[in-house]
>>> print(open('start-v2.txt').read())   # compact mmCIF, C-alpha atoms
# COMPACT_ATOMS: atom_id res chain seq x y z
CA MET A 1 80.71 63.32 243.23
CA LEU A 2 80.92 59.61 244.06
CA HIS A 3 80.11 60.21 247.70
CA ILE A 4 76.80 61.91 246.66
CA PHE A 5 76.00 58.79 244.66
CA LEU A 6 76.76 56.62 247.70
CA ASP A 7 74.49 58.73 249.90
CA LYS A 8 71.56 57.87 247.64
CA LEU A 9 72.15 54.12 247.91
CA PRO A 10 70.00 52.19 250.45
CA LEU A 11 73.02 51.23 252.55
CA ASN A 12 73.68 51.76 256.24
CA TRP A 13 76.36 54.20 257.25
CA THR A 14 79.01 51.59 258.12
CA ILE A 15 78.99 50.14 254.61
CA LYS A 16 79.06 53.63 253.07
CA PHE A 17 82.03 54.56 255.30
CA ALA A 18 83.91 51.42 254.27
CA LEU A 19 83.34 52.15 250.60
CA LEU A 20 84.56 55.75 250.98
CA ARG A 21 87.72 54.53 252.79
CA LEU A 22 88.35 52.02 249.98
CA LEU A 23 87.88 54.77 247.36
CA ALA A 24 90.37 57.02 249.15
CA GLN A 25 92.96 54.21 249.21
CA TRP A 26 92.53 53.62 245.47
CA ARG A 27 93.03 57.33 244.83
CA SER A 28 96.24 57.30 246.84
CA LEU A 29 97.44 54.18 245.05
CA ALA A 30 96.65 55.69 241.64
CA THR A 31 98.58 58.83 242.61
CA VAL A 32 101.60 56.74 243.56
CA ILE A 33 101.42 54.72 240.31
CA VAL A 34 101.16 57.83 238.17
CA GLY A 35 103.99 59.48 240.09
CA VAL A 36 106.29 56.46 239.65
CA PHE A 37 105.41 56.31 235.92
CA LEU A 38 106.19 60.02 235.40
CA ALA A 39 109.44 59.77 237.34
CA ALA A 40 110.54 56.79 235.28
CA THR A 41 109.59 58.51 232.02
CA ILE A 42 111.39 61.74 232.90
CA GLY A 43 114.43 59.84 234.16
CA ALA A 44 114.61 57.81 230.98
CA ASN A 45 114.43 60.94 228.86
CA ILE A 46 117.06 62.95 230.76
CA PRO A 47 119.91 61.69 228.50
CA LEU A 48 117.84 62.70 225.46
CA TYR A 49 117.19 66.16 226.91
CA THR A 50 120.88 66.54 227.84
CA SER A 51 122.00 65.42 224.40
CA ALA A 52 119.56 67.80 222.69
CA VAL A 53 120.69 70.76 224.80
CA SER A 54 124.35 69.89 224.23
CA GLN A 55 123.80 69.54 220.48
CA ILE A 56 122.07 72.93 220.29
CA GLY A 57 124.96 74.44 222.24
CA MET A 58 127.51 72.85 219.90
CA ILE A 59 125.64 74.12 216.81
CA GLU A 60 125.46 77.65 218.23
CA ARG A 61 129.18 77.50 219.04
CA LEU A 62 130.01 76.38 215.49
CA GLU A 63 127.77 79.05 213.97
CA ARG A 64 129.85 81.70 215.78
CA GLN A 65 133.07 80.43 214.17
CA PRO A 66 134.38 81.83 210.87
CA ASP A 67 133.40 79.61 207.94
CA GLU A 68 137.03 78.93 207.09
CA ASP A 69 137.49 77.37 210.57
CA ILE A 70 134.65 74.82 210.29
CA HIS A 71 135.03 73.75 206.66
CA ILE A 72 138.00 72.23 204.82
CA ARG A 73 140.13 73.96 202.21
CA VAL A 74 143.06 72.10 200.65
CA ARG A 75 145.46 73.64 198.13
CA ILE A 76 148.40 72.23 196.22
CA THR A 77 150.53 73.53 193.35
CA HIS A 78 151.44 71.48 190.32
CA ARG A 79 153.73 71.85 187.34
CA THR A 80 152.61 69.96 184.22
CA GLN A 81 154.64 66.81 183.54
CA PRO A 82 155.62 65.56 180.06
CA ASP A 83 153.98 62.15 180.57
CA GLN A 84 150.58 63.46 181.68
CA THR A 85 148.35 66.32 180.64
CA LEU A 86 147.07 68.77 183.22
CA SER A 87 143.50 67.60 182.53
CA GLU A 88 144.42 63.99 183.27
CA PHE A 89 146.28 64.93 186.43
CA VAL A 90 143.39 67.04 187.75
CA ASP A 91 140.80 64.36 186.96
CA ASN A 92 142.79 61.57 188.64
CA LEU A 93 143.64 63.61 191.71
CA ASN A 94 140.08 64.89 192.08
CA THR A 95 138.69 61.34 191.91
CA HIS A 96 141.09 60.26 194.66
CA PHE A 97 140.27 63.27 196.85
CA GLN A 98 136.50 62.73 196.50
CA GLN A 99 136.92 59.08 197.53
CA GLU A 100 138.86 60.15 200.63
CA ILE A 101 136.06 62.53 201.63
CA ILE A 102 133.49 59.74 201.24
CA GLN A 103 135.56 57.28 203.25
CA HIS A 104 136.49 59.57 206.14
CA PHE A 105 133.53 61.94 206.37
CA ARG A 106 130.41 60.64 204.60
CA GLU A 107 130.45 56.96 205.51
CA PRO A 108 131.26 57.31 209.26
CA PHE A 109 128.93 60.26 209.97
CA GLY A 110 126.09 60.14 207.46
CA ASP A 111 124.84 62.73 205.02
CA TRP A 112 126.33 65.91 206.49
CA VAL A 113 128.75 66.79 203.68
CA ILE A 114 127.22 69.56 201.56
CA GLY A 115 129.75 69.00 198.82
CA THR A 116 133.39 69.06 197.75
CA PHE A 117 134.16 71.65 195.09
CA LEU A 118 137.22 71.51 192.85
CA GLY A 119 139.01 74.70 191.85
CA VAL A 120 141.88 75.31 189.43
CA GLU A 121 143.81 78.60 189.19
CA SER A 122 146.65 79.68 186.93
CA THR A 123 149.89 81.26 188.05
CA PRO A 124 149.58 85.06 188.58
CA LEU A 125 149.58 87.00 185.30
CA ILE A 126 150.19 90.68 184.66
CA PRO A 127 148.65 92.87 181.94
CA GLN A 128 150.93 93.86 179.08
CA THR A 129 149.52 97.36 179.53
CA PRO A 130 149.76 98.02 183.30
CA LEU A 131 146.44 98.49 185.04
CA LEU A 132 145.96 100.35 188.29
CA PHE A 133 143.31 98.97 190.60
CA SER A 134 143.34 102.22 192.55
CA GLU A 135 144.77 105.51 191.29
CA GLU A 136 144.92 106.76 194.88
CA THR A 137 147.20 103.96 196.13
CA GLY A 138 148.91 103.12 192.82
CA GLN A 139 148.47 99.39 193.44
CA GLN A 140 149.37 97.27 190.43
CA THR A 141 147.10 94.45 189.34
CA ARG A 142 147.73 90.74 188.84
CA PHE A 143 145.18 88.22 187.57
CA ARG A 144 144.66 84.51 188.05
CA LEU A 145 142.62 82.67 185.46
CA ALA A 146 140.35 80.29 187.34
CA HIS A 147 137.52 77.83 187.33
CA HIS A 148 135.79 76.84 190.56
CA GLU A 149 133.16 74.15 190.47
CA ASN A 150 129.60 75.52 190.87
CA TRP A 151 130.70 79.17 190.59
CA GLN A 152 127.96 79.95 188.08
CA GLN A 153 125.23 78.45 190.30
CA ALA A 154 126.50 80.51 193.27
CA THR A 155 126.58 83.86 191.42
CA ARG A 156 124.13 86.30 189.91
CA LEU A 157 124.79 87.56 186.41
CA VAL A 158 124.73 91.37 186.64
CA GLU A 159 125.58 92.07 183.02
CA GLY A 160 126.57 90.15 179.87
CA GLU A 161 126.72 86.36 179.79
CA TYR A 162 128.71 83.57 181.35
CA PRO A 163 131.90 82.50 179.52
CA SER A 164 131.77 79.76 176.93
CA ALA A 165 134.54 77.53 175.60
CA MET A 166 137.46 79.29 173.93
CA ALA A 167 136.53 80.59 170.48
CA ASN A 168 138.73 79.09 167.78
CA SER A 169 138.24 82.06 165.42
CA ASP A 170 140.17 84.67 167.42
CA ASP A 171 141.70 82.48 170.17
CA VAL A 172 140.40 84.76 172.93
CA LEU A 173 139.52 83.39 176.38
CA GLU A 174 136.12 84.49 177.67
CA VAL A 175 136.03 85.41 181.37
CA ALA A 176 133.72 86.82 184.03
CA LEU A 177 134.78 89.10 186.86
CA ASN A 178 133.47 90.42 190.12
CA LEU A 179 131.17 93.47 190.04
CA LEU A 180 133.42 95.20 192.60
CA VAL A 181 136.45 94.72 190.37
CA ALA A 182 134.59 95.91 187.26
CA ASN A 183 133.46 99.09 189.00
CA GLU A 184 136.81 99.98 190.55
CA MET A 185 138.84 99.24 187.43
CA GLY A 186 136.35 100.65 184.94
CA LEU A 187 136.13 97.36 183.02
CA ASN A 188 133.07 96.70 180.86
CA ILE A 189 131.57 93.93 178.79
CA GLY A 190 133.68 93.39 175.65
CA ASP A 191 136.93 94.79 177.11
CA GLU A 192 140.04 92.76 176.30
CA ILE A 193 143.23 92.39 178.33
CA THR A 194 146.43 90.66 177.24
CA LEU A 195 148.10 88.83 180.12
CA VAL A 196 151.64 87.51 180.45
CA GLU A 197 153.70 85.74 183.10
CA ALA A 198 155.78 87.98 185.32
CA ASN A 199 158.81 85.76 184.64
CA PRO A 200 158.03 84.04 181.35
CA GLN A 201 159.24 80.47 180.95
CA ASP A 202 158.26 79.31 177.48
CA SER A 203 154.89 80.95 177.96
CA THR A 204 152.89 82.93 175.43
CA PRO A 205 150.55 85.90 176.03
CA ILE A 206 146.87 85.21 176.76
CA THR A 207 144.13 87.57 175.59
CA VAL A 208 140.95 87.52 177.68
CA ARG A 209 137.63 89.15 176.91
CA VAL A 210 135.15 90.20 179.62
CA THR A 211 131.81 88.60 178.71
CA GLY A 212 130.16 88.62 182.13
CA ILE A 213 130.03 90.69 185.32
CA VAL A 214 128.82 88.77 188.35
CA GLN A 215 128.36 89.03 192.10
CA GLU A 216 127.77 86.55 194.89
CA LEU A 217 124.21 85.23 195.02
CA ASN A 218 124.27 84.80 198.81
CA LEU A 219 127.28 86.00 200.81
CA THR A 220 126.22 83.91 203.84
CA ASP A 221 126.57 80.73 201.77
CA PRO A 222 129.63 78.78 203.04
CA TYR A 223 130.61 78.39 199.37
CA TRP A 224 132.21 81.85 199.72
CA ILE A 225 134.63 80.93 202.51
CA THR A 226 137.79 83.00 202.43
CA PRO A 227 139.56 83.10 200.04
CA SER A 228 136.54 82.85 197.77
CA PRO A 229 136.41 82.09 194.02
CA LEU A 230 135.85 85.82 193.44
CA SER A 231 138.48 86.88 195.95
CA VAL A 232 140.40 90.15 195.82
CA ASP A 233 143.74 89.73 197.61
CA ARG A 234 145.30 93.06 198.55
CA THR A 235 148.81 93.90 199.61
CA GLU A 236 150.44 97.28 200.00
CA ARG A 237 151.75 97.34 196.43
CA GLN A 238 149.48 95.06 194.42
CA ILE A 239 146.05 93.53 194.00
CA GLU A 240 145.48 89.95 192.89
CA LEU A 241 142.14 89.12 191.24
CA THR A 242 140.52 86.00 189.80
CA LEU A 243 138.85 85.82 186.41
CA GLN A 244 136.43 82.90 186.14
CA THR A 245 136.06 80.86 182.96
CA THR A 246 135.07 77.33 181.95
CA GLN A 247 137.16 74.38 183.16
CA SER A 248 137.91 73.04 179.68
CA ALA A 249 138.99 76.46 178.41
CA LEU A 250 141.15 77.09 181.48
CA LEU A 251 142.99 73.76 181.37
CA SER A 252 143.55 74.07 177.63
CA THR A 253 144.90 77.62 178.03
CA ILE A 254 147.30 76.63 180.81
CA GLU A 255 148.60 73.64 178.84
CA ASN A 256 149.11 75.63 175.64
CA ASN A 257 150.19 79.04 176.94
CA LEU A 258 151.70 78.33 180.36
CA PRO A 259 153.29 74.88 180.00
CA ASN A 260 155.96 75.35 182.68
CA ALA A 261 154.02 77.50 185.11
CA ARG A 262 152.76 76.31 188.45
CA THR A 263 149.00 75.71 188.70
CA ARG A 264 146.94 75.84 191.87
CA ILE A 265 144.52 72.98 192.54
CA ILE A 266 142.05 73.64 195.34
CA TRP A 267 139.33 71.65 197.10
CA ARG A 268 136.77 73.17 199.43
CA THR A 269 134.64 70.70 201.41
CA LEU A 270 131.59 72.20 203.10
CA PHE A 271 129.65 70.66 206.00
CA ASP A 272 126.23 70.93 207.62
CA TYR A 273 126.89 70.38 211.33
CA THR A 274 123.15 70.37 212.15
CA GLN A 275 123.02 66.87 210.66
CA LEU A 276 125.33 65.50 213.37
CA THR A 277 124.46 64.26 216.85
CA PHE A 278 126.38 65.74 219.78
CA GLU A 279 128.50 62.60 220.03
CA GLN A 280 129.32 62.78 216.30
CA SER A 281 130.15 66.48 216.60
CA ALA A 282 132.63 65.71 219.37
CA GLN A 283 134.26 62.98 217.24
CA VAL A 284 134.51 65.26 214.23
CA MET A 285 135.95 68.13 216.29
>>> encode(input="start-v2.txt", output="structure tokens")
Amino acid sequence: MLHIFLDKLPLNWTIKFALLRLLAQWRSLATVIVGVFLAATIGANIPLYTSAVSQIGMIERLERQPDEDIHIRVRITHRTQPDQTLSEFVDNLNTHFQQEIIQHFREPFGDWVIGTFLGVESTPLIPQTPLLFSEETGQQTRFRLAHHENWQQATRLVEGEYPSAMANSDDVLEVALNLLVANEMGLNIGDEITLVEANPQDSTPITVRVTGIVQELNLTDPYWITPSPLSVDRTERQIELTLQTTQSALLSTIENNLPNARTRIIWRTLFDYTQLTFEQSAQVM
């Protein structure tokens, strides 16, 4: 288009030719400049592209792993000591554990910890009147009284209501159980079960009342890593189930009715690996 404009100017052909040559040189120079700029930009961004691709690959690899392999679950057992109540022991130990998670996982790598959830479970208890989980297999049933932090927020109430603190009037512990368990065992809202230790050591029977039937709100939520707070552990001869209640009622019941029994204390720390860079993922792994 510029050469048409030059043709209309009152210039002789030698001047027009010189101007066209100069224009062609500037075009070539501009092409070189743009090419160098693009090469430098792409070269500078190659580490970013490589890191992004690597991070996506790491995330996809982690997503293919079982939840229990990419999150942390810690479990200890404890027998109540005369100089300290179970509530005090759990509170002190939980505070220490939470501080360790902050120091070793939150502070070095940023906000990628979804949360650390405390769980407490009693020793296995058996019904005074034997219950069969399955008439076909004849498997006997054992129960663990439990409280896992956030279990109510992670479940859907199918029937009844969530447990409240232990009622002083009849000294019955309110519990909720899994919908699967309720269906297979024929348990309903209001049913009561008296539980005892298999090998009693200064323990007294515990009567529980089913006030709620629940199921997992979202089974893909890492909160339900195996074994979950509503787990059903099966062996050839027996089934072990958890009955969820409030933390205060659980700790009080263990202290009063199971003073010499061993108690499980559990922490489950869940992570969001998408919040990490590739370099951080490699350090964590």
>>> atom_distance(input="start-v2.txt", atom1="CA of Ile102 (chain A)", atom2="CA of Leu270 (chain A)")
12.7 Å
>>> closest_residue(input="start-v2.txt", among="A:Pro163, A:Pro227, A:Pro124, A:Gly190", to="Ala261 (chain A)", atoms="all atoms listed in the file")
A:Pro124
>>> residues_around(input="start-v2.txt", residues="Val210 (chain A)", least_positions_apart="5", cutoff="6 Å", atoms="all atoms listed in the file", output="compact mmCIF listing (two decimals) with C-alpha atoms, in the coordinates of the input")
# COMPACT_ATOMS: atom_id res chain seq x y z
CA VAL A 175 136.03 85.41 181.37
CA ALA A 176 133.72 86.82 184.03
CA ILE A 189 131.57 93.93 178.79
CA GLY A 190 133.68 93.39 175.65
CA ASP A 191 136.93 94.79 177.11
>>> closest_residue(input="start-v2.txt", among="A:Ala165, A:Ile254, A:Ile266, A:Val172", to="Thr194 (chain A)", atoms="all atoms listed in the file")
A:Val172
>>> residues_around(input="start-v2.txt", residues="region 235-242 of chain A", least_positions_apart="3", cutoff="7 Å", atoms="only C-alpha atoms", output="list in words")
Phe133, Gln139, Gln140, Thr141, Arg142, Phe143, Arg144, Leu145, Ala146, Leu230, Ser231 and Val232 of chain A
>>> closest_residue(input="start-v2.txt", among="A:Glu161, A:Glu149, A:Glu255, A:Thr269", to="Pro82 (chain A)", atoms="all atoms listed in the file")
A:Glu255
>>> atom_distance(input="start-v2.txt", atom1="CA of Ala249 (chain A)", atom2="CA of Glu184 (chain A)")
26.6 Å
>>> atom_distance(input="start-v2.txt", atom1="CA of Met185 (chain A)", atom2="CA of Val120 (chain A)")
24.2 Å
>>> residues_near_point(input="start-v2.txt", point="(131.1, 88.4, 182.3)", cutoff="10 Å", atoms="only C-alpha atoms", output="mmCIF file with C-alpha atoms, keeping the file's coordinate frame")
data_model
loop_
_atom_site.group_PDB
_atom_site.id
_atom_site.type_symbol
_atom_site.label_atom_id
_atom_site.label_comp_id
_atom_site.auth_asym_id
_atom_site.auth_seq_id
_atom_site.Cartn_x
_atom_site.Cartn_y
_atom_site.Cartn_z
ATOM 1 C CA LEU A 157 124.790 87.560 186.410
ATOM 2 C CA VAL A 158 124.730 91.370 186.640
ATOM 3 C CA GLU A 159 125.580 92.070 183.020
ATOM 4 C CA GLY A 160 126.570 90.150 179.870
ATOM 5 C CA GLU A 161 126.720 86.360 179.790
ATOM 6 C CA TYR A 162 128.710 83.570 181.350
ATOM 7 C CA PRO A 163 131.900 82.500 179.520
ATOM 8 C CA GLU A 174 136.120 84.490 177.670
ATOM 9 C CA VAL A 175 136.030 85.410 181.370
ATOM 10 C CA ALA A 176 133.720 86.820 184.030
ATOM 11 C CA LEU A 177 134.780 89.100 186.860
ATOM 12 C CA ASN A 178 133.470 90.420 190.120
ATOM 13 C CA LEU A 179 131.170 93.470 190.040
ATOM 14 C CA ALA A 182 134.590 95.910 187.260
ATOM 15 C CA ASN A 188 133.070 96.700 180.860
ATOM 16 C CA ILE A 189 131.570 93.930 178.790
ATOM 17 C CA GLY A 190 133.680 93.390 175.650
ATOM 18 C CA ARG A 209 137.630 89.150 176.910
ATOM 19 C CA VAL A 210 135.150 90.200 179.620
ATOM 20 C CA THR A 211 131.810 88.600 178.710
ATOM 21 C CA GLY A 212 130.160 88.620 182.130
ATOM 22 C CA ILE A 213 130.030 90.690 185.320
ATOM 23 C CA VAL A 214 128.820 88.770 188.350
ATOM 24 C CA LEU A 243 138.850 85.820 186.410
ATOM 25 C CA GLN A 244 136.430 82.900 186.140
ATOM 26 C CA THR A 245 136.060 80.860 182.960
#
>>> residues_near_point(input="start-v2.txt", point="(151.3, 88.6, 179.0)", cutoff="10 Å", atoms="all atoms listed in the file", output="list in words")
Leu125, Ile126, Pro127, Gln128, Thr129, Ile193, Thr194, Leu195, Val196, Glu197, Ala198, Asn199, Pro200, Ser203, Thr204, Pro205, Ile206, Thr207 and Asn257 of chain A
>>> closest_residue(input="start-v2.txt", among="A:Ala154, A:Ile70, A:Ile265, A:Val90", to="Val113 (chain A)", atoms="all atoms listed in the file")
A:Ile70
>>> closest_residue(input="start-v2.txt", among="A:Pro229, A:Asn92, A:Arg79, A:His104", to="Leu258 (chain A)", atoms="only C-alpha atoms")
A:Arg79
>>> axis_aligned_box(input="start-v2.txt", around="region 249-257 of chain A", padding_each_side="8 Å", output="lines of an AutoDock Vina configuration file")
center_x = 144.6
center_y = 76.3
center_z = 178.6
size_x = 27.2
size_y = 21.4
size_z = 21.8
>>> closest_residue(input="start-v2.txt", among="A:Asp69, A:Asp202, A:Asp171, A:Glu107", to="Pro259 (chain A)", atoms="all atoms listed in the file")
A:Asp202
